[in-house]
>>> print(open('upload24.tsv').read())   # TSV, C-alpha atoms
chain	number	residue	atom	x	y	z
A	1	MET	CA	186.69	241.99	303.29
A	2	THR	CA	183.92	239.53	303.91
A	3	VAL	CA	180.53	240.35	302.53
A	4	ASP	CA	177.69	238.07	303.42
A	5	ASP	CA	175.95	237.58	300.09
A	6	ASP	CA	172.71	236.19	301.45
A	7	LEU	CA	172.37	238.88	304.04
A	8	TRP	CA	173.11	241.55	301.48
A	9	SER	CA	170.58	240.18	299.02
A	10	ALA	CA	167.96	239.98	301.67
A	11	VAL	CA	168.29	243.67	302.43
A	12	GLY	CA	168.86	244.52	298.77
A	13	ASP	CA	165.27	243.97	297.78
A	14	PRO	CA	162.94	247.00	297.96
A	15	THR	CA	159.92	245.12	299.25
A	16	ARG	CA	161.92	243.49	302.01
A	17	ARG	CA	163.43	246.85	302.94
A	18	ARG	CA	159.93	248.28	303.17
A	19	MET	CA	158.93	245.34	305.34
A	20	LEU	CA	161.85	246.01	307.66
A	21	ASP	CA	160.78	249.65	307.80
A	22	LEU	CA	157.26	248.65	308.76
A	23	LEU	CA	158.41	246.14	311.34
A	24	LEU	CA	160.70	248.74	312.88
A	25	SER	CA	158.10	251.47	312.97
A	26	TYR	CA	155.32	249.26	314.34
A	27	GLY	CA	157.57	247.27	316.62
A	28	GLY	CA	156.66	244.05	314.81
A	29	GLY	CA	154.00	242.60	312.59
A	30	THR	CA	152.49	239.61	310.86
A	31	ALA	CA	152.28	238.67	307.18
A	32	THR	CA	148.72	239.95	307.22
A	33	SER	CA	149.43	243.26	308.91
A	34	LEU	CA	152.43	243.90	306.66
A	35	SER	CA	150.52	243.12	303.47
A	36	GLU	CA	147.98	245.80	304.39
A	37	HIS	CA	150.71	248.39	303.89
A	38	LEU	CA	152.27	246.88	300.77
A	39	PRO	CA	151.24	246.50	297.14
A	40	VAL	CA	151.80	242.75	297.32
A	41	THR	CA	149.77	239.82	298.55
A	42	ARG	CA	149.95	238.27	301.98
A	43	GLN	CA	151.47	235.18	300.35
A	44	ALA	CA	154.25	237.25	298.81
A	45	VAL	CA	154.90	238.92	302.15
A	46	ALA	CA	155.07	235.50	303.79
A	47	LYS	CA	157.74	234.42	301.29
A	48	HIS	CA	159.75	237.54	301.96
A	49	LEU	CA	159.49	236.88	305.68
A	50	VAL	CA	160.96	233.42	305.12
A	51	VAL	CA	163.91	235.04	303.34
A	52	LEU	CA	164.43	237.60	306.08
A	53	ASP	CA	164.10	234.92	308.72
A	54	ARG	CA	166.64	232.67	306.98
A	55	VAL	CA	169.35	235.31	307.19
A	56	GLY	CA	168.36	236.22	310.72
A	57	LEU	CA	167.04	239.71	310.00
A	58	VAL	CA	163.68	238.90	311.57
A	59	HIS	CA	162.54	236.40	314.14
A	60	GLY	CA	159.05	234.98	314.37
A	61	THR	CA	157.17	233.88	317.44
A	62	SER	CA	153.91	231.98	317.47
A	63	THR	CA	151.87	233.79	320.05
A	64	GLY	CA	148.46	234.07	318.46
A	65	ARG	CA	146.87	232.70	315.35
A	66	GLU	CA	149.59	234.13	313.13
A	67	ARG	CA	153.34	234.32	313.57
A	68	GLN	CA	154.48	237.64	314.92
A	69	PHE	CA	157.75	238.94	313.46
A	70	ARG	CA	160.26	241.38	314.87
A	71	VAL	CA	163.45	242.82	313.41
A	72	ASP	CA	166.71	241.47	314.77
A	73	GLU	CA	168.44	244.79	315.20
A	74	ALA	CA	171.88	243.29	315.77
A	75	GLN	CA	171.71	241.42	312.49
A	76	LEU	CA	170.38	244.47	310.69
A	77	ALA	CA	173.27	246.46	312.12
A	78	ARG	CA	175.62	243.84	310.75
A	79	ALA	CA	174.19	244.20	307.24
A	80	VAL	CA	174.46	247.96	307.43
A	81	ALA	CA	177.99	247.78	308.79
A	82	GLN	CA	179.09	245.57	305.92
A	83	LEU	CA	177.96	248.16	303.43
A	84	ALA	CA	179.67	250.88	305.44
A	85	ASP	CA	182.85	248.78	305.55
A	86	VAL	CA	183.02	248.40	301.80
A	87	GLY	CA	182.47	252.12	301.39
A	88	ALA	CA	185.15	252.96	303.93
A	89	ALA	CA	187.60	250.58	302.26
A	90	TRP	CA	187.09	252.34	298.93
A	91	ASP	CA	187.49	255.74	300.55
A	92	ALA	CA	190.90	254.66	301.78
A	93	ARG	CA	191.86	253.17	298.40
A	94	LEU	CA	190.85	256.34	296.56
A	95	ARG	CA	192.90	258.46	298.94
A	96	ARG	CA	195.91	256.30	298.14
A	97	ILE	CA	195.20	256.54	294.39
A	98	LYS	CA	195.09	260.32	294.74
A	99	ARG	CA	198.36	260.41	296.66
A	100	ILE	CA	200.19	258.14	294.21
A	101	ALA	CA	198.92	259.97	291.11
A	102	GLU	CA	199.75	263.38	292.54
A	103	THR	CA	203.24	262.25	293.51
A	104	ILE	CA	203.84	260.99	289.97
A	105	GLN	CA	202.46	264.22	288.52
A	106	ARG	CA	204.70	266.36	290.71
A	107	GLY	CA	207.67	264.29	289.61
A	108	ARG	CA	206.79	264.91	285.98
A	109	ASP	CA	206.22	268.62	286.50
A	110	THR	CA	209.58	268.96	288.22
A	111	THR	CA	211.31	267.07	285.43
A	112	SER	CA	209.75	269.26	282.75
A	113	GLU	CA	210.60	272.44	284.64
A	114	THR	CA	214.25	271.57	284.97
A	115	GLY	CA	214.39	270.49	281.35
B	116	MET	CA	171.64	255.14	294.74
B	117	GLU	CA	170.86	251.51	294.23
B	118	PHE	CA	171.46	249.70	297.46
B	119	GLY	CA	174.37	247.39	296.99
B	120	THR	CA	176.32	249.79	294.79
B	121	ILE	CA	179.17	251.81	296.15
B	122	GLU	CA	179.68	255.17	294.43
B	123	ARG	CA	182.57	257.49	295.08
B	124	GLU	CA	184.37	260.36	293.41
B	125	ILE	CA	187.56	262.20	294.19
B	126	HIS	CA	189.48	265.06	292.63
B	127	VAL	CA	193.10	264.33	291.80
B	128	ASP	CA	195.69	266.97	290.99
B	129	ALA	CA	197.23	264.96	288.20
B	130	ALA	CA	196.60	264.46	284.50
B	131	PRO	CA	194.00	261.89	283.40
B	132	GLU	CA	196.77	259.81	281.83
B	133	VAL	CA	198.52	259.54	285.19
B	134	VAL	CA	195.33	258.66	287.03
B	135	PHE	CA	194.45	256.04	284.43
B	136	ASP	CA	197.85	254.48	284.90
B	137	VAL	CA	197.49	254.40	288.66
B	138	VAL	CA	194.05	252.76	288.65
B	139	SER	CA	194.83	250.24	285.90
B	140	SER	CA	198.40	248.98	286.02
B	141	PRO	CA	199.26	246.00	288.23
B	142	GLU	CA	202.36	247.81	289.50
B	143	HIS	CA	200.36	250.76	290.75
B	144	LEU	CA	197.45	248.67	291.98
B	145	ARG	CA	199.82	247.16	294.51
B	146	GLY	CA	200.44	250.65	295.79
B	147	TRP	CA	196.85	251.29	296.76
B	148	TRP	CA	195.15	247.95	297.21
B	149	PRO	CA	196.42	244.36	296.97
B	150	ASP	CA	199.85	243.08	297.94
B	151	GLU	CA	200.18	241.17	294.70
B	152	ALA	CA	198.71	241.91	291.26
B	153	ASP	CA	199.18	239.84	288.18
B	154	TYR	CA	196.97	240.49	285.16
B	155	PRO	CA	197.21	241.95	281.63
B	156	ALA	CA	195.71	245.46	281.79
B	157	VAL	CA	193.79	245.01	278.55
B	158	PRO	CA	190.10	244.20	277.90
B	159	GLY	CA	189.46	240.58	278.82
B	160	GLY	CA	192.78	240.28	280.60
B	161	ALA	CA	192.41	237.63	283.31
B	162	GLY	CA	194.64	237.25	286.32
B	163	ARG	CA	194.58	237.55	290.05
B	164	ILE	CA	195.34	239.82	292.94
B	165	GLY	CA	196.70	238.66	296.27
B	166	PHE	CA	196.30	239.85	299.81
B	167	GLY	CA	198.69	238.99	302.58
B	168	ASP	CA	201.84	236.94	302.46
B	169	CYS	CA	201.14	235.27	299.11
B	170	SER	CA	204.75	234.75	298.08
B	171	ARG	CA	205.31	232.46	301.04
B	172	GLY	CA	202.13	230.51	300.56
B	173	GLY	CA	200.07	232.52	303.02
B	174	GLY	CA	197.54	235.13	302.09
B	175	THR	CA	194.54	235.00	299.82
B	176	TRP	CA	194.27	235.18	296.06
B	177	GLU	CA	191.24	236.66	294.33
B	178	GLN	CA	190.47	236.27	290.64
B	179	PHE	CA	190.64	239.51	288.68
B	180	THR	CA	189.49	240.10	285.09
B	181	VAL	CA	189.73	243.35	283.18
B	182	VAL	CA	186.39	244.18	281.57
B	183	ASP	CA	187.38	247.27	279.62
B	184	ALA	CA	190.34	249.59	279.35
B	185	VAL	CA	190.06	252.82	277.36
B	186	PRO	CA	193.01	255.03	278.20
B	187	PRO	CA	192.80	257.54	279.68
B	188	ARG	CA	189.04	257.60	280.29
B	189	HIS	CA	187.79	254.26	281.55
B	190	PHE	CA	188.99	251.18	283.36
B	191	SER	CA	186.73	248.44	284.69
B	192	PHE	CA	187.26	245.01	286.12
B	193	ARG	CA	185.48	242.15	287.83
B	194	TRP	CA	186.87	240.36	290.83
B	195	THR	CA	186.14	237.62	293.37
B	196	HIS	CA	184.74	235.10	290.88
B	197	GLU	CA	185.76	231.51	291.48
B	198	GLU	CA	188.95	230.31	289.88
B	199	GLY	CA	188.15	228.69	286.52
B	200	GLN	CA	184.95	230.68	286.08
B	201	VAL	CA	184.54	233.38	283.47
B	202	ALA	CA	183.84	236.65	285.25
B	203	ALA	CA	180.24	237.72	284.70
B	204	ALA	CA	177.34	239.40	286.44
B	205	GLY	CA	176.26	237.21	289.31
B	206	ASN	CA	179.61	235.66	290.18
B	207	SER	CA	181.76	238.70	290.83
B	208	PHE	CA	181.89	242.35	291.82
B	209	LEU	CA	182.21	244.93	289.07
B	210	VAL	CA	184.42	247.95	289.66
B	211	VAL	CA	184.24	250.82	287.16
B	212	PHE	CA	186.60	253.78	287.11
B	213	THR	CA	185.75	256.77	284.92
B	214	ILE	CA	188.31	259.49	284.50
B	215	GLU	CA	187.50	263.01	283.36
B	216	PRO	CA	189.62	266.12	283.01
B	217	ALA	CA	188.57	268.69	285.62
B	218	GLY	CA	190.35	272.03	285.75
B	219	SER	CA	194.04	271.37	285.90
B	220	GLY	CA	193.46	267.90	287.27
B	221	THR	CA	191.14	264.94	287.06
B	222	LEU	CA	187.82	263.85	288.46
B	223	LEU	CA	187.98	260.16	289.27
B	224	ARG	CA	184.69	258.33	289.78
B	225	MET	CA	184.33	254.74	290.86
B	226	THR	CA	181.43	252.41	291.41
B	227	GLU	CA	181.46	248.90	292.76
B	228	SER	CA	178.36	246.82	292.16
B	229	GLY	CA	177.21	243.24	292.14
B	230	PHE	CA	176.56	242.73	295.84
B	231	ARG	CA	172.90	242.26	295.26
B	232	GLU	CA	173.18	240.10	292.15
B	233	ARG	CA	175.59	237.71	293.74
B	234	GLY	CA	173.47	236.52	296.53
B	235	TRP	CA	170.40	235.01	295.40
B	236	ASP	CA	167.98	234.82	292.50
B	237	GLU	CA	164.92	235.91	294.37
B	238	ALA	CA	166.41	239.36	294.68
B	239	LYS	CA	166.04	239.71	290.93
B	240	VAL	CA	162.52	238.35	290.88
B	241	ALA	CA	161.56	240.70	293.63
B	242	ALA	CA	163.14	243.58	291.73
B	243	GLU	CA	160.09	243.37	289.48
B	244	TYR	CA	158.19	244.81	292.34
B	245	ALA	CA	157.99	248.48	291.82
B	246	GLU	CA	160.97	250.62	292.65
B	247	HIS	CA	158.38	253.13	293.81
B	248	VAL	CA	158.36	251.41	297.17
B	249	SER	CA	159.70	254.21	299.25
B	250	GLY	CA	161.26	252.13	301.98
B	251	TRP	CA	164.67	253.63	301.65
B	252	ASP	CA	163.42	257.07	302.54
B	253	PHE	CA	162.28	255.66	305.83
B	254	PHE	CA	165.11	253.24	306.32
B	255	LEU	CA	168.12	255.39	305.54
B	256	PRO	CA	167.74	257.90	308.37
B	257	ARG	CA	167.79	255.01	310.81
B	258	LEU	CA	171.01	253.47	309.54
B	259	PRO	CA	173.53	255.50	311.53
B	260	THR	CA	171.92	254.36	314.74
B	261	TYR	CA	172.24	250.73	313.80
B	262	ALA	CA	175.72	251.10	312.41
B	263	ALA	CA	176.81	252.81	315.61
B	264	LYS	CA	175.50	249.99	317.69
B	265	ILE	CA	178.02	247.52	316.43
B	266	GLY	CA	180.75	250.06	315.79
B	267	SER	CA	184.22	248.58	315.82
B	268	GLY	CA	182.89	245.05	315.81
B	269	ALA	CA	182.69	245.28	312.02
B	270	GLN	CA	184.62	242.79	309.98
B	271	ALA	CA	187.78	244.04	308.34
>>> encode(input="upload24.tsv", output="structure tokens")
Amino acid sequence: MTVDDDLWSAVGDPTRRRMLDLLLSYGGGTATSLSEHLPVTRQAVAKHLVVLDRVGLVHGTSTGRERQFRVDEAQLARAVAQLADVGAAWDARLRRIKRIAETIQRGRDTTSETG
Amino acid sequence: MEFGTIEREIHVDAAPEVVFDVVSSPEHLRGWWPDEADYPAVPGGAGRIGFGDCSRGGGTWEQFTVVDAVPPRHFSFRWTHEEGQVAAAGNSFLVVFTIEPAGSGTLLRMTESGFRERGWDEAKVAAEYAEHVSGWDFFLPRLPTYAAKIGSGAQA
């Protein structure tokens, strides 16, 4: 199981998640436009954008005066899938734990019944 | 749920003592997870678990350290820290099993955490920003769509 630590951390932060939400719902945005919807400064938003950009969750293009950012949906899907993978792996492990424990228990019950 | 923490629970028709044994002993661990398991199942017990053909030099070893073992109620461990490092928050994943009697059987709960802490310090700094940011409410409903897009391309 490979988990991309940087990617995970990038999505793990509440402000960055909110930024992704905003970028998704508005189809993109700039540090300025994002900061208008967040309780943090434009500078803080800009730093978060650098983080998101570094792990490929957003891409910036310089069209106007300010860089316009969009969510990379494929990369976001990858982050989400990693979390889903870990969850699915544990589901399978827990099913095996259940099966093993119940088999042992049945063995004990049978032994005690027959003396 | 804190993003980056996996939480699960399952009912098992077996006594807590049996379930504790299954989740904690190296012999049983091999039955439900790694191919190899070598560690003392006591608090602080350090060892490793192996995946794949370890006995013939193939496969992958992961470090494994027991954090706490309180039979038959609690078993926790850290794993994936670098060899030679002491397992701690920030260098490993923490898995916690809690075991409670439930009816004639047992309720087994597990959490795995540490995904967020491992990556990168700024995540902690940013955590100072209020948890009141409601992004998850907006974000979560969209996840299935994105997950579906890559589907079976996920890493195993």
>>> closest_residue(input="upload24.tsv", among="B:Leu223, B:Leu209, B:Val182, B:Ala202", to="chain A", atoms="all atoms listed in the file")
B:Leu223
>>> atom_distance(input="upload24.tsv", atom1="CA of Thr63 (chain A)", atom2="CA of His48 (chain A)")
20.1 Å
>>> closest_residue(input="upload24.tsv", among="B:Gly218, B:Gly174, B:Pro131, B:Pro187", to="Glu151 (chain B)", atoms="all atoms listed in the file")
B:Gly174
>>> atom_distance(input="upload24.tsv", atom1="CA of Ala161 (chain B)", atom2="CA of Ala101 (chain A)")
24.5 Å
>>> atom_distance(input="upload24.tsv", atom1="CA of Gln200 (chain B)", atom2="CA of Trp148 (chain B)")
22.9 Å
>>> closest_atom_pairs(input="upload24.tsv", of="chain A", to="chain B", cutoff="9 Å", atoms="all atoms listed in the file", output="Markdown table")
| residue | atom | partner | partner_atom | distance |
| --- | --- | --- | --- | --- |
| A:Met1 | CA | B:Ala271 | CA | 5.6 |
| A:Thr2 | CA | B:Gln270 | CA | 6.9 |
| A:Val3 | CA | B:Phe230 | CA | 8.1 |
| A:Asp4 | CA | B:Gly234 | CA | 8.2 |
| A:Asp5 | CA | B:Gly234 | CA | 4.5 |
| A:Asp6 | CA | B:Gly234 | CA | 5.0 |
| A:Leu7 | CA | B:Gly234 | CA | 7.9 |
| A:Trp8 | CA | B:Arg231 | CA | 6.3 |
| A:Ser9 | CA | B:Arg231 | CA | 4.9 |
| A:Ala10 | CA | B:Ala238 | CA | 7.2 |
| A:Val11 | CA | B:Phe118 | CA | 8.4 |
| A:Gly12 | CA | B:Arg231 | CA | 5.8 |
| A:Asp13 | CA | B:Ala238 | CA | 5.7 |
| A:Pro14 | CA | B:Val248 | CA | 6.4 |
| A:Thr15 | CA | B:Val248 | CA | 6.8 |
| A:Arg16 | CA | B:Gly250 | CA | 8.7 |
| A:Arg17 | CA | B:Gly250 | CA | 5.8 |
| A:Arg18 | CA | B:Gly250 | CA | 4.2 |
| A:Met19 | CA | B:Gly250 | CA | 7.9 |
| A:Leu20 | CA | B:Phe254 | CA | 8.0 |
| A:Asp21 | CA | B:Phe254 | CA | 5.8 |
| A:Leu22 | CA | B:Gly250 | CA | 8.6 |
| A:Leu38 | CA | B:Val248 | CA | 8.4 |
| A:Pro39 | CA | B:Tyr244 | CA | 8.6 |
| A:Val40 | CA | B:Tyr244 | CA | 8.4 |
| A:Glu73 | CA | B:Tyr261 | CA | 7.2 |
| A:Ala74 | CA | B:Ile265 | CA | 7.5 |
| A:Leu76 | CA | B:Tyr261 | CA | 7.2 |
| A:Ala77 | CA | B:Tyr261 | CA | 4.7 |
| A:Arg78 | CA | B:Ile265 | CA | 7.2 |
| A:Ala79 | CA | B:Ala262 | CA | 8.8 |
| A:Val80 | CA | B:Ala262 | CA | 6.0 |
| A:Ala81 | CA | B:Ala262 | CA | 5.4 |
| A:Gln82 | CA | B:Ala269 | CA | 7.1 |
| A:Leu83 | CA | B:Gly119 | CA | 7.4 |
| A:Ala84 | CA | B:Ala262 | CA | 8.0 |
| A:Asp85 | CA | B:Ala269 | CA | 7.4 |
| A:Val86 | CA | B:Ile121 | CA | 7.6 |
| A:Gly87 | CA | B:Ile121 | CA | 6.2 |
| A:Ala89 | CA | B:Ala271 | CA | 8.9 |
| A:Trp90 | CA | B:Arg123 | CA | 7.9 |
| A:Asp91 | CA | B:Arg123 | CA | 7.6 |
| A:Ala92 | CA | B:Trp147 | CA | 8.5 |
| A:Arg93 | CA | B:Trp147 | CA | 5.6 |
| A:Leu94 | CA | B:Ile125 | CA | 7.1 |
| A:Arg95 | CA | B:Ile125 | CA | 8.1 |
| A:Arg96 | CA | B:Trp147 | CA | 5.3 |
| A:Ile97 | CA | B:Trp147 | CA | 6.0 |
| A:Lys98 | CA | B:Val127 | CA | 5.4 |
| A:Arg99 | CA | B:Val127 | CA | 8.2 |
| A:Ile100 | CA | B:Val137 | CA | 7.2 |
| A:Ala101 | CA | B:Val134 | CA | 5.6 |
| A:Glu102 | CA | B:Ala129 | CA | 5.3 |
| A:Thr103 | CA | B:Ala129 | CA | 8.5 |
| A:Ile104 | CA | B:Val133 | CA | 7.3 |
| A:Gln105 | CA | B:Ala129 | CA | 5.3 |
| A:Arg106 | CA | B:Ala129 | CA | 8.0 |
>>> closest_residue(input="upload24.tsv", among="B:Ser140, B:Ser228, B:Ala184, B:Gly162", to="Val210 (chain B)", atoms="only C-alpha atoms")
B:Ser228
>>> closest_residue(input="upload24.tsv", among="A:Leu34, A:Val58, A:Ala44, A:Ala88", to="Arg70 (chain A)", atoms="only C-alpha atoms")
A:Val58
>>> residues_around(input="upload24.tsv", residues="Asp183 (chain B)", least_positions_apart="6", cutoff="9 Å", atoms="all atoms listed in the file", output="PyMOL selection string")
chain B and resi 156-160+189-192+211
>>> axis_aligned_box(input="upload24.tsv", around="region 48-53 of chain A", padding_each_side="5 Å", output="AutoDock Vina command-line options")
--center_x 162.0 --center_y 235.5 --center_z 305.3 --size_x 14.9 --size_y 14.2 --size_z 16.8
